[in-house]
>>> print(open('work-v7.tsv').read())   # TSV, C-alpha atoms
chain	number	residue	atom	x	y	z
Q	5	MET	CA	70.35	100.40	120.99
Q	6	HIS	CA	70.47	104.18	121.23
Q	7	ARG	CA	69.75	105.85	117.88
Q	8	VAL	CA	71.76	108.94	116.99
Q	9	ARG	CA	72.33	111.18	114.02
Q	10	VAL	CA	75.68	112.61	113.00
Q	11	ARG	CA	75.50	116.39	112.81
Q	12	ASP	CA	75.32	117.60	109.25
Q	13	TYR	CA	77.70	120.50	109.16
Q	14	MET	CA	81.01	121.25	107.51
Q	15	PRO	CA	83.21	123.16	109.94
Q	16	PRO	CA	86.69	124.16	108.81
Q	17	GLY	CA	89.77	122.69	110.47
Q	18	HIS	CA	90.90	119.30	111.72
Q	19	VAL	CA	87.83	117.09	112.21
Q	20	ARG	CA	87.63	113.36	112.84
Q	21	THR	CA	84.13	112.80	111.48
Q	22	PRO	CA	84.18	111.64	107.85
Q	23	ALA	CA	82.02	113.70	105.49
Q	24	TYR	CA	80.25	110.61	104.11
Q	25	LEU	CA	78.67	109.99	107.55
Q	26	ARG	CA	77.40	113.50	108.22
Q	27	GLY	CA	73.62	113.63	108.53
Q	28	LYS	CA	73.40	109.82	108.75
Q	29	THR	CA	71.57	107.96	111.48
Q	30	GLY	CA	72.94	104.95	113.30
Q	31	THR	CA	72.99	103.17	116.66
Q	32	ILE	CA	75.61	103.37	119.39
Q	33	GLU	CA	77.44	100.05	119.53
Q	34	ARG	CA	79.63	100.95	122.52
Q	35	THR	CA	80.96	104.03	124.24
Q	36	LEU	CA	84.68	104.55	124.80
Q	37	GLY	CA	86.82	107.16	126.42
Q	38	PRO	CA	86.53	109.85	127.56
Q	39	PHE	CA	89.42	110.95	125.37
Q	40	PRO	CA	90.70	114.51	124.86
Q	41	ASN	CA	89.02	116.15	121.89
Q	42	PRO	CA	91.46	115.66	118.95
Q	43	GLU	CA	89.90	118.52	117.01
Q	44	VAL	CA	91.28	120.89	119.64
Q	45	ARG	CA	94.49	118.98	120.34
Q	46	ALA	CA	95.40	119.35	116.66
Q	47	TYR	CA	95.96	123.04	117.36
Q	48	GLY	CA	98.11	122.58	120.45
Q	49	HIS	CA	95.36	122.86	123.07
Q	50	THR	CA	94.74	120.28	125.79
Q	51	GLY	CA	91.28	119.25	124.61
Q	52	ASP	CA	88.33	118.53	126.89
Q	53	PRO	CA	87.77	114.84	127.57
Q	54	LEU	CA	84.77	113.68	125.53
Q	55	PRO	CA	82.96	110.34	125.21
Q	56	LEU	CA	83.81	108.55	121.97
Q	57	HIS	CA	80.96	106.49	120.54
Q	58	ARG	CA	81.26	103.63	118.11
Q	59	VAL	CA	78.26	104.15	115.87
Q	60	ARG	CA	76.90	101.42	113.61
Q	61	PHE	CA	75.27	102.40	110.32
Q	62	THR	CA	73.65	100.26	107.66
Q	63	MET	CA	75.08	100.61	104.16
Q	64	SER	CA	71.61	101.55	102.88
Q	65	GLU	CA	71.53	104.46	105.35
Q	66	ILE	CA	74.89	105.69	104.05
Q	67	TRP	CA	74.63	104.99	100.33
Q	68	GLY	CA	70.89	104.56	99.67
Q	69	PRO	CA	70.07	102.43	96.64
Q	70	ALA	CA	73.76	102.42	95.64
Q	71	ALA	CA	74.63	100.11	98.56
Q	72	GLU	CA	76.03	96.74	97.46
Q	73	ARG	CA	73.92	94.95	100.07
Q	74	PRO	CA	71.61	97.19	102.12
Q	75	ASP	CA	72.04	95.44	105.45
Q	76	ASP	CA	75.82	95.27	105.42
Q	77	THR	CA	77.10	97.56	108.16
Q	78	LEU	CA	79.79	100.09	108.92
Q	79	GLU	CA	81.07	101.26	112.27
Q	80	ALA	CA	82.99	104.44	112.99
Q	81	GLU	CA	84.20	106.28	116.07
Q	82	ILE	CA	82.31	109.55	116.47
Q	83	TYR	CA	82.99	112.07	119.23
Q	84	ALA	CA	79.97	113.01	121.38
Q	85	HIS	CA	79.76	116.62	120.19
Q	86	TRP	CA	79.12	115.36	116.64
Q	87	LEU	CA	76.01	113.39	117.63
Q	88	GLU	CA	72.42	114.42	118.24
Q	89	PRO	CA	69.39	112.31	119.16
Q	90	ALA	CA	67.94	110.68	116.05
Q	91	ASP	CA	64.54	112.26	116.71
Q	92	ALA	CA	65.92	115.82	116.79
Q	93	THR	CA	64.62	118.03	114.01
P	8	MET	CA	108.55	87.08	83.15
P	9	PRO	CA	111.40	89.00	84.71
P	10	HIS	CA	112.69	90.39	81.38
P	11	ASP	CA	109.37	91.90	80.35
P	12	HIS	CA	110.10	94.93	82.49
P	13	HIS	CA	113.79	95.12	81.67
P	14	ASP	CA	113.84	98.93	81.58
P	15	HIS	CA	112.58	99.17	85.13
P	16	LEU	CA	115.14	96.85	86.70
P	17	SER	CA	118.64	97.65	87.82
P	18	PRO	CA	121.46	95.34	86.60
P	19	SER	CA	121.16	93.43	89.88
P	20	GLY	CA	117.47	92.77	89.23
P	21	HIS	CA	115.94	95.23	91.67
P	22	PRO	CA	113.20	97.60	90.58
P	23	PHE	CA	114.67	100.86	89.34
P	24	ARG	CA	114.29	103.74	91.76
P	25	LYS	CA	115.28	107.25	90.88
P	26	ASP	CA	117.84	109.05	93.02
P	27	ASN	CA	116.09	111.47	95.33
P	28	ASP	CA	117.69	114.60	93.91
P	29	GLU	CA	114.56	116.74	94.31
P	30	PRO	CA	114.61	119.52	96.90
P	31	LEU	CA	113.04	118.71	100.27
P	32	THR	CA	109.32	119.29	100.60
P	33	TYR	CA	107.97	121.71	103.18
P	34	TRP	CA	107.06	118.88	105.58
P	35	GLN	CA	110.39	117.10	105.16
P	36	THR	CA	112.11	120.34	106.08
P	37	MET	CA	109.81	120.78	109.08
P	38	GLU	CA	110.50	117.20	110.28
P	39	ILE	CA	114.25	117.72	110.12
P	40	ALA	CA	114.00	121.10	111.85
P	41	ILE	CA	111.91	119.73	114.72
P	42	ARG	CA	114.10	116.64	115.09
P	43	GLU	CA	117.25	118.77	115.25
P	44	LEU	CA	115.69	121.10	117.78
P	45	LEU	CA	114.60	118.21	120.01
P	46	ILE	CA	118.13	116.83	119.95
P	47	GLU	CA	119.74	120.24	120.43
P	48	LYS	CA	117.52	120.96	123.45
P	49	GLY	CA	118.29	117.56	124.96
P	50	VAL	CA	114.70	116.26	124.74
P	51	THR	CA	115.87	113.19	122.84
P	52	THR	CA	118.99	111.90	121.14
P	53	ALA	CA	119.77	110.59	117.67
P	54	SER	CA	120.42	107.13	119.05
P	55	GLU	CA	117.09	107.12	120.93
P	56	ILE	CA	115.33	107.96	117.64
P	57	ALA	CA	117.25	105.16	115.91
P	58	ARG	CA	116.26	102.73	118.68
P	59	GLN	CA	112.60	103.68	118.26
P	60	VAL	CA	112.83	103.15	114.50
P	61	ASP	CA	114.37	99.72	115.19
P	62	ALA	CA	111.61	98.92	117.68
P	63	MET	CA	108.95	99.80	115.12
P	64	ASP	CA	110.68	97.80	112.39
P	65	ALA	CA	110.82	94.79	114.72
P	66	ARG	CA	107.03	94.73	115.05
P	67	ASN	CA	105.45	92.52	112.43
P	68	PRO	CA	102.33	90.53	111.59
P	69	ALA	CA	103.69	87.44	113.39
P	70	MET	CA	102.92	89.20	116.68
P	71	GLY	CA	99.27	89.58	115.71
P	72	ALA	CA	99.21	86.01	114.42
P	73	SER	CA	100.17	84.67	117.83
P	74	VAL	CA	97.39	86.74	119.42
P	75	VAL	CA	94.86	85.26	116.97
P	76	ALA	CA	96.13	81.70	117.49
P	77	ARG	CA	95.86	82.08	121.24
P	78	TYR	CA	92.32	83.44	120.84
P	79	TRP	CA	91.44	80.26	118.94
P	80	THR	CA	92.93	77.91	121.54
P	81	ASP	CA	92.49	79.60	124.93
P	82	PRO	CA	88.87	80.52	125.83
P	83	ASP	CA	89.90	82.60	128.88
P	84	PHE	CA	92.28	84.62	126.72
P	85	ALA	CA	89.58	84.99	124.04
P	86	ALA	CA	87.20	86.48	126.60
P	87	ALA	CA	89.92	88.80	127.91
P	88	LEU	CA	90.80	89.93	124.38
P	89	LEU	CA	87.19	90.85	123.61
P	90	GLU	CA	86.92	92.67	126.92
P	91	ASP	CA	90.13	94.71	126.56
P	92	ALA	CA	92.38	93.83	123.64
P	93	SER	CA	95.14	96.24	124.70
P	94	ALA	CA	95.44	94.72	128.18
P	95	ALA	CA	95.26	91.13	126.92
P	96	THR	CA	97.92	91.79	124.29
P	97	ARG	CA	100.23	93.45	126.81
P	98	GLN	CA	99.72	90.52	129.13
P	99	MET	CA	101.05	88.25	126.38
P	100	GLY	CA	104.26	90.28	126.59
P	101	PHE	CA	103.88	92.57	123.58
P	102	ASP	CA	105.01	96.17	123.97
P	103	ILE	CA	102.19	97.95	122.16
P	104	GLY	CA	102.84	101.30	123.80
P	105	PRO	CA	99.76	103.45	124.40
P	106	MET	CA	97.77	101.79	121.60
P	107	LYS	CA	94.05	101.26	122.28
P	108	LEU	CA	93.08	98.04	120.52
P	109	ILE	CA	89.72	96.41	119.76
P	110	ALA	CA	89.50	92.80	118.55
P	111	LEU	CA	86.83	92.07	115.94
P	112	PRO	CA	85.92	88.39	115.84
P	113	ASN	CA	84.53	87.13	112.54
P	114	THR	CA	81.81	84.51	112.67
P	115	PRO	CA	80.45	82.24	109.93
P	116	MET	CA	77.79	84.95	109.35
P	117	LEU	CA	79.92	88.09	109.79
P	118	HIS	CA	83.07	89.28	108.04
P	119	ASP	CA	84.88	92.32	109.47
P	120	MET	CA	87.28	94.53	107.56
P	121	VAL	CA	89.26	97.58	108.64
P	122	VAL	CA	90.02	100.85	106.86
P	123	CYS	CA	90.95	104.38	107.83
P	124	THR	CA	89.24	106.79	105.45
P	125	LEU	CA	90.65	109.93	107.07
P	126	CYS	CA	94.32	108.94	107.04
P	127	SER	CA	96.03	105.59	107.57
P	128	CYS	CA	95.40	104.51	111.20
P	129	TYR	CA	96.63	100.94	111.61
P	130	PRO	CA	97.58	98.81	114.64
P	131	ARG	CA	101.28	99.44	113.93
P	132	ASN	CA	102.33	98.76	117.49
P	133	LEU	CA	101.20	95.17	117.06
P	134	LEU	CA	101.33	94.39	113.31
P	135	GLY	CA	104.17	96.70	112.25
P	136	LEU	CA	103.93	99.12	109.34
P	137	PRO	CA	100.84	98.90	107.12
P	138	PRO	CA	101.03	97.70	103.53
P	139	ASP	CA	101.26	100.53	100.97
P	140	TRP	CA	97.82	99.81	99.53
P	141	TYR	CA	96.23	100.35	102.96
P	142	LYS	CA	97.20	104.02	102.67
P	143	SER	CA	96.02	104.42	99.06
P	144	ARG	CA	93.05	106.60	98.23
P	145	ALA	CA	91.56	103.71	96.26
P	146	TYR	CA	91.46	101.34	99.25
P	147	ARG	CA	90.35	104.07	101.66
P	148	SER	CA	87.48	105.31	99.51
P	149	ARG	CA	86.30	102.06	97.97
P	150	THR	CA	86.23	99.94	101.13
P	151	VAL	CA	83.43	101.96	102.71
P	152	LYS	CA	81.42	102.18	99.48
P	153	GLU	CA	81.93	98.79	97.84
P	154	PRO	CA	83.53	96.43	100.34
P	155	ARG	CA	82.36	93.32	98.49
P	156	LYS	CA	83.89	94.33	95.19
P	157	THR	CA	87.07	95.34	97.01
P	158	LEU	CA	87.23	92.00	98.82
P	159	GLU	CA	86.75	90.16	95.55
P	160	GLU	CA	89.82	91.91	94.14
P	161	PHE	CA	91.76	90.63	97.15
P	162	GLY	CA	90.57	87.14	96.19
P	163	VAL	CA	88.03	86.92	99.00
P	164	THR	CA	84.58	85.86	97.87
P	165	THR	CA	81.93	86.27	100.53
P	166	SER	CA	78.47	84.81	100.20
P	167	LYS	CA	75.50	87.20	100.12
P	168	GLU	CA	74.34	85.46	103.31
P	169	VAL	CA	77.36	86.76	105.22
P	170	GLU	CA	77.17	90.31	106.57
P	171	ILE	CA	80.15	92.51	105.80
P	172	ARG	CA	80.99	95.00	108.52
P	173	VAL	CA	83.48	97.74	107.69
P	174	HIS	CA	85.27	99.45	110.56
P	175	ASP	CA	86.45	102.98	109.80
P	176	SER	CA	89.25	103.82	112.28
P	177	THR	CA	88.25	107.45	112.53
P	178	ALA	CA	89.68	108.33	115.93
P	179	ASP	CA	91.49	106.78	118.90
P	180	MET	CA	90.98	103.05	118.51
P	181	ARG	CA	92.90	100.53	116.42
P	182	TYR	CA	91.47	97.24	115.21
P	183	ILE	CA	92.55	93.66	114.62
P	184	VAL	CA	90.23	91.21	112.88
P	185	ILE	CA	90.09	87.72	114.38
P	186	PRO	CA	89.48	85.52	111.34
P	187	ASN	CA	87.54	82.28	111.60
P	188	ARG	CA	89.69	79.34	112.59
P	189	PRO	CA	90.33	77.20	109.50
P	190	VAL	CA	88.49	73.89	109.42
P	191	GLY	CA	90.60	70.79	109.87
P	192	THR	CA	92.82	72.31	112.56
P	193	ASP	CA	91.04	70.99	115.65
P	194	SER	CA	94.07	69.14	116.97
P	195	TRP	CA	96.53	71.97	116.23
P	196	GLN	CA	98.43	73.84	118.93
P	197	ALA	CA	98.67	77.64	118.96
P	198	ASP	CA	102.22	77.79	117.54
P	199	ARG	CA	101.28	75.83	114.46
P	200	LEU	CA	97.99	77.72	114.02
P	201	ALA	CA	99.82	81.05	114.09
P	202	GLY	CA	101.56	80.03	110.86
P	203	LEU	CA	98.19	80.12	109.08
P	204	VAL	CA	97.32	83.67	110.12
P	205	THR	CA	98.20	86.12	107.37
P	206	ARG	CA	98.57	89.87	107.76
P	207	ASP	CA	95.62	90.49	105.44
P	208	SER	CA	93.39	88.15	107.44
P	209	MET	CA	93.91	90.48	110.42
P	210	ILE	CA	92.93	93.52	108.29
P	211	GLY	CA	89.96	91.62	106.91
P	212	THR	CA	91.13	91.71	103.30
P	213	GLY	CA	92.25	88.09	103.41
P	214	LEU	CA	91.58	84.75	105.00
P	215	PRO	CA	93.96	82.50	106.93
P	216	ALA	CA	95.97	80.05	104.84
P	217	HIS	CA	94.54	76.57	104.34
P	218	PRO	CA	96.04	73.94	106.62
>>> encode(input="work-v7.tsv", output="structure tokens")
Amino acid sequence: MHRVRVRDYMPPGHVRTPAYLRGKTGTIERTLGPFPNPEVRAYGHTGDPLPLHRVRFTMSEIWGPAAERPDDTLEAEIYAHWLEPADAT
Amino acid sequence: MPHDHHDHLSPSGHPFRKDNDEPLTYWQTMEIAIRELLIEKGVTTASEIARQVDAMDARNPAMGASVVARYWTDPDFAAALLEDASAATRQMGFDIGPMKLIALPNTPMLHDMVVCTLCSCYPRNLLGLPPDWYKSRAYRSRTVKEPRKTLEEFGVTTSKEVEIRVHDSTADMRYIVIPNRPVGTDSWQADRLAGLVTRDSMIGTGLPAHP
């Protein structure tokens, strides 16, 4: 599966990427959409259609040693502009 | 014991609830203003709004339960539900509006549970309104961090062998968990099976009732 990293930045405004996933690496489970970008729609604009990826993370990736069971998983919907290739520096 | 909380009950036995004498909040005022404008400009009517409220109130977990029971008993439907849960649900005759639904089938080695950490996204158009706890900060923050401890408090003990997979509804999709079919129900028809499917088992915080 395609490995991606969630961009680690904290823009102001209406965003649909939870802070606890920023900077974390996961794999794309499936791709949905394209759907209009909700971060732009929230302000009354039309919003460009963007792919929406369901990204799967391991709990150890998200929480480190604090994970209850490291290989439990979590999936979230992340818009394409929030993702970068996992090997990007 | 009903009398232990005497002070909090009305004479008819209902929990005491204060009259809402406080001034309207900013957002309550905004909602009323926008609603009145929409009616005044002829975009909608008060009775249309009331009908929509009725339609939402009529949706309830029994609708989801019949979807789950059919998944258990009809392999073609099960495949269609995994492929496109919105289309399969509509085909059963449910008016789910524009909702985009994904079905999450549990297996003996995988337990799915659903949360919305950013707000309170929930498959309302199929299951009706979410339970209050689903919208609480405690459920929303703890489920992603300590799903096992959270499940235990719901009375669901999951073996360390079973993977827990949390689904954070962060954007456009809504989710329904398909719990494992209870053992001892092999000869059961869908109607009877649906009676075992609880609301919480479709959120992933519960299991179906025992036959």
>>> closest_residue(input="work-v7.tsv", among="P:Leu158, P:Val173, P:Leu44, P:Ala86", to="chain Q", atoms="all atoms listed in the file")
P:Val173
>>> atom_distance(input="work-v7.tsv", atom1="CA of Ile41 in chain P", atom2="CA of Ala46 in chain Q")
16.6 Å
>>> closest_residue(input="work-v7.tsv", among="Q:Ile66, Q:Leu36, Q:Ala80, Q:Val8", to="chain P", atoms="only C-alpha atoms")
Q:Ala80
>>> interface_residues(input="work-v7.tsv", of="chain P", to="chain Q", cutoff="9 Å", atoms="only C-alpha atoms", output="PyMOL selection string")
chain P and resi 124-125+151-156+167+169-180
>>> closest_residue(input="work-v7.tsv", among="P:Cys126, P:Val121, P:Ala197, P:Ala57", to="Ala76 in chain P", atoms="all atoms listed in the file")
P:Ala197
>>> residues_around(input="work-v7.tsv", residues="range 99-115 of chain P", least_positions_apart="4", cutoff="10 Å", atoms="all atoms listed in the file", output="ChimeraX atom specification")
/P:62-63,66,70-71,73-75,77-78,84-85,88-95,119-121,130-134,168-172,174,179-188,209-211
>>> decode(input="work-v7.tsv", residues="range 22-81 of chain Q", atoms="C-alpha atoms", output="PDB file, in the first residue's frame")
ATOM      1  CA  PRO Q  22      -7.086  16.195  13.330  1.00  0.00           C
ATOM      2  CA  ALA Q  23      -4.013  17.599  15.089  1.00  0.00           C
ATOM      3  CA  TYR Q  24      -3.096  14.211  16.599  1.00  0.00           C
ATOM      4  CA  LEU Q  25      -2.410  12.829  13.090  1.00  0.00           C
ATOM      5  CA  ARG Q  26      -0.229  15.661  11.797  1.00  0.00           C
ATOM      6  CA  GLY Q  27       3.286  14.494  10.957  1.00  0.00           C
ATOM      7  CA  LYS Q  28       2.242  10.827  11.212  1.00  0.00           C
ATOM      8  CA  THR Q  29       2.894   8.248   8.517  1.00  0.00           C
ATOM      9  CA  GLY Q  30       0.348   5.740   7.308  1.00  0.00           C
ATOM     10  CA  THR Q  31      -0.843   3.826   4.252  1.00  0.00           C
ATOM     11  CA  ILE Q  32      -3.685   4.673   1.899  1.00  0.00           C
ATOM     12  CA  GLU Q  33      -6.475   2.146   2.445  1.00  0.00           C
ATOM     13  CA  ARG Q  34      -8.747   3.491  -0.302  1.00  0.00           C
ATOM     14  CA  THR Q  35      -9.304   6.696  -2.210  1.00  0.00           C
ATOM     15  CA  LEU Q  36     -12.707   8.377  -2.327  1.00  0.00           C
ATOM     16  CA  GLY Q  37     -14.155  11.425  -3.963  1.00  0.00           C
ATOM     17  CA  PRO Q  38     -13.231  13.760  -5.471  1.00  0.00           C
ATOM     18  CA  PHE Q  39     -15.203  15.933  -3.063  1.00  0.00           C
ATOM     19  CA  PRO Q  40     -15.174  19.739  -2.850  1.00  0.00           C
ATOM     20  CA  ASN Q  41     -12.577  20.954  -0.381  1.00  0.00           C
ATOM     21  CA  PRO Q  42     -14.508  21.534   2.906  1.00  0.00           C
ATOM     22  CA  GLU Q  43     -11.809  23.857   4.224  1.00  0.00           C
ATOM     23  CA  VAL Q  44     -12.802  26.335   1.525  1.00  0.00           C
ATOM     24  CA  ARG Q  45     -16.525  25.559   1.517  1.00  0.00           C
ATOM     25  CA  ALA Q  46     -16.626  26.492   5.212  1.00  0.00           C
ATOM     26  CA  TYR Q  47     -16.096  30.095   4.119  1.00  0.00           C
ATOM     27  CA  GLY Q  48     -18.781  30.139   1.438  1.00  0.00           C
ATOM     28  CA  HIS Q  49     -16.574  29.281  -1.551  1.00  0.00           C
ATOM     29  CA  THR Q  50     -17.275  26.437  -3.964  1.00  0.00           C
ATOM     30  CA  GLY Q  51     -14.171  24.410  -3.143  1.00  0.00           C
ATOM     31  CA  ASP Q  52     -12.045  22.568  -5.698  1.00  0.00           C
ATOM     32  CA  PRO Q  53     -12.804  18.859  -5.962  1.00  0.00           C
ATOM     33  CA  LEU Q  54     -10.021  16.930  -4.216  1.00  0.00           C
ATOM     34  CA  PRO Q  55      -9.340  13.217  -3.715  1.00  0.00           C
ATOM     35  CA  LEU Q  56     -10.137  12.069  -0.181  1.00  0.00           C
ATOM     36  CA  HIS Q  57      -7.885   9.299   1.102  1.00  0.00           C
ATOM     37  CA  ARG Q  58      -8.662   6.902   3.899  1.00  0.00           C
ATOM     38  CA  VAL Q  59      -5.308   6.556   5.619  1.00  0.00           C
ATOM     39  CA  ARG Q  60      -4.523   3.718   8.010  1.00  0.00           C
ATOM     40  CA  PHE Q  61      -2.124   4.352  10.888  1.00  0.00           C
ATOM     41  CA  THR Q  62      -0.827   2.014  13.557  1.00  0.00           C
ATOM     42  CA  MET Q  63      -1.451   3.086  17.142  1.00  0.00           C
ATOM     43  CA  SER Q  64       2.299   2.915  17.804  1.00  0.00           C
ATOM     44  CA  GLU Q  65       2.878   5.428  14.995  1.00  0.00           C
ATOM     45  CA  ILE Q  66       0.356   7.807  16.565  1.00  0.00           C
ATOM     46  CA  TRP Q  67       1.011   7.351  20.273  1.00  0.00           C
ATOM     47  CA  GLY Q  68       4.483   5.759  20.471  1.00  0.00           C
ATOM     48  CA  PRO Q  69       5.088   3.717  23.613  1.00  0.00           C
ATOM     49  CA  ALA Q  70       1.812   5.014  25.099  1.00  0.00           C
ATOM     50  CA  ALA Q  71      -0.223   2.908  22.651  1.00  0.00           C
ATOM     51  CA  GLU Q  72      -2.409   0.294  24.362  1.00  0.00           C
ATOM     52  CA  ARG Q  73      -1.459  -2.297  21.745  1.00  0.00           C
ATOM     53  CA  PRO Q  74       1.055  -1.125  19.123  1.00  0.00           C
ATOM     54  CA  ASP Q  75      -0.478  -2.877  16.134  1.00  0.00           C
ATOM     55  CA  ASP Q  76      -4.055  -1.781  16.709  1.00  0.00           C
ATOM     56  CA  THR Q  77      -4.989   0.581  13.895  1.00  0.00           C
ATOM     57  CA  LEU Q  78      -6.830   3.805  13.187  1.00  0.00           C
ATOM     58  CA  GLU Q  79      -8.231   5.068   9.918  1.00  0.00           C
ATOM     59  CA  ALA Q  80      -9.140   8.636   9.062  1.00  0.00           C
ATOM     60  CA  GLU Q  81     -10.207  10.531   5.960  1.00  0.00           C
TER      61      GLU Q  81
END
